[in-house]
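Q: Contents of input_3.cif (mmCIF, C-alpha atoms and all ligand atoms) are below:
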```cif
data_data
loop_
_atom_site.label_atom_id
_atom_site.label_comp_id
_atom_site.auth_asym_id
_atom_site.auth_seq_id
_atom_site.Cartn_x
_atom_site.Cartn_y
_atom_site.Cartn_z
CA MET A 518 0.00 0.00 0.00
CA ARG A 519 1.23 3.53 -0.78
CA SER A 520 2.92 5.17 2.22
CA GLY A 521 0.91 8.06 3.65
CA VAL A 522 -2.31 6.05 3.44
CA LEU A 523 -3.80 5.16 6.81
CA ILE A 524 -6.40 2.43 7.37
CA ARG A 525 -8.59 3.17 10.38
CA ARG A 526 -12.05 2.36 11.73
CA MET A 527 -14.89 4.22 10.05
CA ILE A 528 -16.60 6.89 12.18
CA ASN A 529 -19.86 8.86 11.85
CA THR A 530 -18.11 12.03 10.66
CA ASP A 531 -16.70 10.18 7.63
CA TYR A 532 -20.19 10.14 6.11
CA GLU A 533 -19.96 13.09 3.70
CA GLY A 534 -16.56 12.05 2.36
CA LEU A 535 -17.83 8.52 1.88
CA VAL A 536 -20.92 9.57 -0.06
CA CYS A 537 -18.64 11.64 -2.32
CA LEU A 538 -16.45 8.59 -2.90
CA TRP A 539 -19.30 6.10 -3.45
CA LYS A 540 -21.12 8.33 -5.95
CA LYS A 541 -18.17 8.06 -8.31
CA PHE A 542 -18.66 4.32 -8.87
CA ALA A 543 -21.49 2.58 -10.71
CA GLY A 544 -20.52 -0.61 -8.87
CA ASN A 545 -21.50 0.89 -5.53
CA THR A 546 -25.28 1.12 -5.47
CA MET A 547 -26.66 3.76 -3.11
CA THR A 548 -29.89 2.80 -1.37
CA GLY A 549 -32.07 4.01 1.48
CA ALA A 550 -29.61 2.27 3.81
CA ASP A 551 -27.11 4.97 2.80
CA SER A 552 -29.16 7.81 4.30
CA PRO A 553 -27.37 9.58 7.19
CA GLU A 554 -29.63 7.68 9.63
CA GLY A 555 -29.08 4.34 7.89
CA PHE A 556 -25.34 4.89 7.90
CA ARG A 557 -25.25 5.77 11.61
CA GLU A 558 -27.41 2.75 12.46
CA PHE A 559 -25.18 0.37 10.49
CA LEU A 560 -22.05 1.78 12.14
CA SER A 561 -23.53 1.56 15.61
CA ASN A 562 -24.18 -2.15 15.03
CA ASN A 563 -21.15 -3.04 12.90
CA GLY A 564 -18.56 -0.33 13.54
CA ASP A 565 -15.88 -2.90 14.44
CA PHE A 566 -15.96 -4.19 10.86
CA CYS A 567 -15.99 -0.95 8.84
CA PHE A 568 -12.80 0.79 7.71
CA VAL A 569 -11.65 3.79 5.72
CA ALA A 570 -8.42 4.57 3.93
CA VAL A 571 -7.34 8.14 4.62
CA GLU A 572 -4.79 10.13 2.63
CA ASN A 573 -3.96 13.73 3.56
CA ASP A 574 -7.01 13.85 5.86
CA ARG A 575 -9.26 12.85 2.93
CA VAL A 576 -11.36 9.68 2.86
CA ALA A 577 -9.99 7.86 -0.19
CA GLY A 578 -11.21 4.32 0.40
CA SER A 579 -13.85 2.36 2.27
CA VAL A 580 -15.23 -1.00 3.19
CA MET A 581 -18.32 -1.66 5.28
CA ALA A 582 -18.67 -5.15 6.67
CA GLY A 583 -20.95 -6.70 9.21
CA HIS A 584 -22.38 -10.02 10.31
CA ASP A 585 -25.57 -11.60 11.58
CA SER A 586 -23.60 -13.88 13.95
CA ARG A 587 -23.59 -16.56 11.25
CA ARG A 588 -22.22 -15.08 8.01
CA GLY A 589 -20.28 -11.94 7.24
CA TYR A 590 -21.25 -9.48 4.51
CA ILE A 591 -19.15 -6.94 2.65
CA TYR A 592 -20.50 -3.65 1.29
CA HIS A 593 -19.13 -0.48 -0.28
CA LEU A 594 -15.58 -1.49 -1.04
CA ALA A 595 -14.19 1.48 -2.97
CA VAL A 596 -10.85 3.14 -3.54
CA ASP A 597 -10.49 6.56 -5.14
CA GLU A 598 -9.19 6.25 -8.70
CA SER A 599 -6.06 8.26 -7.81
CA LEU A 600 -5.05 5.52 -5.34
CA GLN A 601 -6.09 2.37 -7.19
CA GLY A 602 -3.60 -0.36 -8.02
CA LYS A 603 -1.40 0.34 -4.98
CA GLY A 604 -2.71 -2.19 -2.49
CA THR A 605 -5.30 -0.05 -0.69
CA GLY A 606 -8.25 -2.27 -1.66
CA THR A 607 -6.36 -5.32 -0.45
CA ALA A 608 -5.52 -3.58 2.85
CA LEU A 609 -9.16 -2.55 3.41
CA MET A 610 -10.44 -6.06 2.71
CA SER A 611 -7.75 -7.55 4.97
CA ALA A 612 -8.87 -5.29 7.81
CA ALA A 613 -12.54 -6.24 7.34
CA GLU A 614 -11.81 -9.96 6.95
CA SER A 615 -9.56 -10.02 10.04
CA ALA A 616 -12.20 -8.26 12.11
CA LEU A 617 -14.85 -10.78 11.00
CA ARG A 618 -12.47 -13.69 11.62
CA ASN A 619 -11.72 -12.35 15.13
CA ALA A 620 -15.46 -12.27 15.79
CA GLY A 621 -15.61 -15.99 14.95
CA ILE A 622 -17.28 -15.59 11.55
CA GLU A 623 -16.32 -18.53 9.35
CA LYS A 624 -17.51 -17.33 5.95
CA ALA A 625 -18.45 -14.06 4.27
CA HIS A 626 -20.44 -13.15 1.18
CA LEU A 627 -20.69 -10.12 -1.05
CA PHE A 628 -22.89 -9.05 -3.92
CA ILE A 629 -21.37 -7.67 -7.09
CA TYR A 630 -22.82 -6.80 -10.50
CA SER A 631 -21.74 -9.47 -12.93
CA ASP A 632 -20.21 -6.89 -15.29
CA ASN A 633 -18.03 -5.27 -12.60
CA THR A 634 -14.32 -5.77 -13.31
CA ALA A 635 -13.72 -5.72 -9.53
CA ILE A 636 -14.58 -9.44 -9.68
CA LYS A 637 -10.96 -9.87 -10.83
CA PHE A 638 -9.80 -8.02 -7.73
CA TYR A 639 -11.81 -10.32 -5.47
CA GLU A 640 -10.50 -13.42 -7.24
CA LYS A 641 -6.94 -12.20 -6.66
CA THR A 642 -7.69 -11.76 -2.97
CA GLY A 643 -9.11 -15.24 -2.41
CA TRP A 644 -12.83 -14.87 -3.17
CA HIS A 645 -14.66 -17.15 -5.55
CA THR A 646 -17.86 -16.82 -7.57
CA ARG A 647 -20.67 -19.21 -6.64
CA HIS A 648 -22.40 -20.89 -9.56
CA ASP A 649 -24.74 -22.97 -7.41
CA ILE A 650 -26.74 -20.08 -5.92
CA GLU A 651 -29.13 -17.46 -7.33
CA VAL A 652 -29.73 -14.27 -5.38
CA MET A 653 -33.42 -13.57 -4.71
CA SER A 654 -34.66 -10.24 -3.38
CA LYS A 655 -37.93 -8.72 -2.21
CA VAL A 656 -38.69 -5.09 -1.47
CA LEU A 657 -40.10 -4.88 2.07
CA ILE A 658 -40.45 -1.11 2.41
CA GLY A 659 -41.50 1.14 -0.47
CA GLU A 660 -42.84 0.24 -3.86
CA LYS A 661 -39.70 -0.30 -5.84
CA TYR A 662 -36.01 -0.75 -5.47
CA LEU A 663 -34.44 2.36 -4.05
CA GLY A 664 -31.11 1.32 -5.44
CA THR A 665 -29.96 2.89 -8.66
CA ARG A 666 -26.66 2.42 -10.31
CA VAL A 667 -25.12 5.87 -10.19
CA ARG A 668 -23.44 5.58 -13.59
CA GLU A 669 -24.72 3.11 -16.18
C1 LIG A 701 -12.03 -2.93 -6.51
C2 LIG A 701 -11.14 -1.84 -5.93
C3 LIG A 701 -11.64 -1.47 -4.53
C4 LIG A 701 -9.70 -2.35 -5.84
O1 LIG A 701 -8.91 -1.39 -5.14
P1 LIG A 701 -7.33 -1.24 -5.41
O2 LIG A 701 -6.77 -0.39 -4.32
O3 LIG A 701 -7.10 -0.81 -6.81
O4 LIG A 701 -6.86 -2.76 -5.22
P2 LIG A 701 -5.36 -3.33 -5.04
O5 LIG A 701 -4.37 -2.29 -5.46
O6 LIG A 701 -5.23 -3.86 -3.66
O7 LIG A 701 -5.37 -4.52 -6.11
C5 LIG A 701 -5.06 -5.87 -5.82
C6 LIG A 701 -4.95 -6.62 -7.14
O8 LIG A 701 -6.21 -6.62 -7.82
C7 LIG A 701 -6.09 -6.05 -9.14
N1 LIG A 701 -7.27 -5.26 -9.43
C8 LIG A 701 -7.80 -4.29 -8.67
N2 LIG A 701 -8.91 -3.78 -9.24
C9 LIG A 701 -9.06 -4.47 -10.41
C10 LIG A 701 -10.02 -4.42 -11.45
N3 LIG A 701 -11.05 -3.55 -11.41
N4 LIG A 701 -9.87 -5.27 -12.50
C11 LIG A 701 -8.84 -6.15 -12.55
N5 LIG A 701 -7.89 -6.25 -11.57
C12 LIG A 701 -8.02 -5.42 -10.53
C13 LIG A 701 -4.85 -5.16 -9.02
O9 LIG A 701 -4.28 -4.94 -10.30
C14 LIG A 701 -3.96 -5.98 -8.11
O10 LIG A 701 -3.35 -7.02 -8.86
P3 LIG A 701 -1.82 -7.44 -8.60
O11 LIG A 701 -1.77 -7.95 -7.17
O12 LIG A 701 -1.57 -8.50 -9.61
O13 LIG A 701 -1.01 -6.21 -8.79
C15 LIG A 701 -11.15 -0.57 -6.82
O14 LIG A 701 -10.82 -0.95 -8.15
C16 LIG A 701 -12.47 0.17 -6.84
O15 LIG A 701 -12.71 1.05 -6.02
N6 LIG A 701 -13.35 -0.14 -7.81
C17 LIG A 701 -14.60 0.59 -7.97
C18 LIG A 701 -15.61 0.29 -6.86
C19 LIG A 701 -16.18 -1.11 -6.96
O16 LIG A 701 -16.61 -1.53 -8.02
N7 LIG A 701 -16.16 -1.82 -5.81
C20 LIG A 701 -16.70 -3.16 -5.72
C21 LIG A 701 -18.13 -3.08 -5.29
S1 LIG A 701 -18.77 -4.72 -5.01
#
```
For the structure just supplied, provide its representation as structure tokens.
Ligand SMILES: CC(C)(COP(=O)(O)OP(=O)(O)OC[C@H]1O[C@@H](n2cnc3c(N)ncnc32)[C@H](O)[C@@H]1OP(=O)(O)O)[C@@H](O)C(=O)NCCC(=O)NCCS
A:
Amino acid sequence: MRSGVLIRRMINTDYEGLVCLWKKFAGNTMTGADSPEGFREFLSNNGDFCFVAVENDRVAGSVMAGHDSRRGYIYHLAVDESLQGKGTGTALMSAAESALRNAGIEKAHLFIYSDNTAIKFYEKTGWHTRHDIEVMSKVLIGEKYLGTRVRE
């Protein structure tokens, strides 16, 4: 990882910088869970598993992870384009995976659009694509999916 980049726990005041970062990537869908309240709630439950990469006091990378005491889940992995390819994504995932492992979580999952080239990144860092499972979803609040891909 490039020197001068610090990986630390995510905190509530990172929110604005994170939204700025996430909006740049079509692969990071923003949903109702990304409202300020949703963000705070997720951090209050899963703060031990969420990390940011900071360069020059600027949030330049993120990963939000959590678990339901059975499986871990990874959300919002992102690294600013200016920092990509220098090990920051790997360092963020390592931090999240270690934290989940330390909490006794044996396996983690993540959702990724099938056309996202970040699949290659995950393969390089030990993740594998499942071909024996389909993802099924149901909207429980609201009339339609809140999620939109920010750049098609
Ligand atoms: C995926 C992402 C976080 C990787 O961050 P990064 O800091 O560039 O990752 P690293 O530098 O640790 O890369 C580790 C390895 O993966 C490779 N890699 C990273 N992103 C890649 C991509 N999009 N396609 C192919 N290979 C990739 C790197 O080249 C490197 O390979 P090497 O070890 O052979 O040199 C970053 O590309 C990103 O923010 N993408 C947009 C957001 C996104 O789609 N996130 C996933 C949402 S599910």
Q: To one decimal in Å, tell me the separation between atom CA of A:Val580 and atom CA of A:Ser561.
A: 15.2 Å
Q: Can I get the residues close to ligand LIG 701 (chain A) as a ChimeraX atom specification, where close means within 10 Å and we count only C-alpha atoms and all ligand atoms?
A: /A:518-519,538-546,570,577-580,591-611,627-642
Q: Calculate how many Å separate atom CA of A:Gly583 from atom CA of A:Cys567, rounding to one decimal.
A: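 According to the coordinates, atom CA of A:Gly583 and atom CA of A:Cys567 are separated by 7.6 Å.
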Q: Under the rule that all atoms listed in the file are counted, which of A:Glu614, A:Asp531, A:Asp649, A:Glu623 is the nearest residue to A:Val571?
A: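 Checking each candidate against A:Val571, we get A:Asp531 as the closest.
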Q: Can you work out the spacing between atom CA of A:Thr646 and atom CA of A:Lys624 in Å, to one decimal?
A: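 Straight-line distance from atom CA of A:Thr646 to atom CA of A:Lys624 works out to 13.5 Å.
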Q: Go through A:Glu572, A:His648, A:Gly659, A:Ile622 and flag the residue nearest A:Gly534, using only C-alpha atoms for the distances.
A: A:Glu572
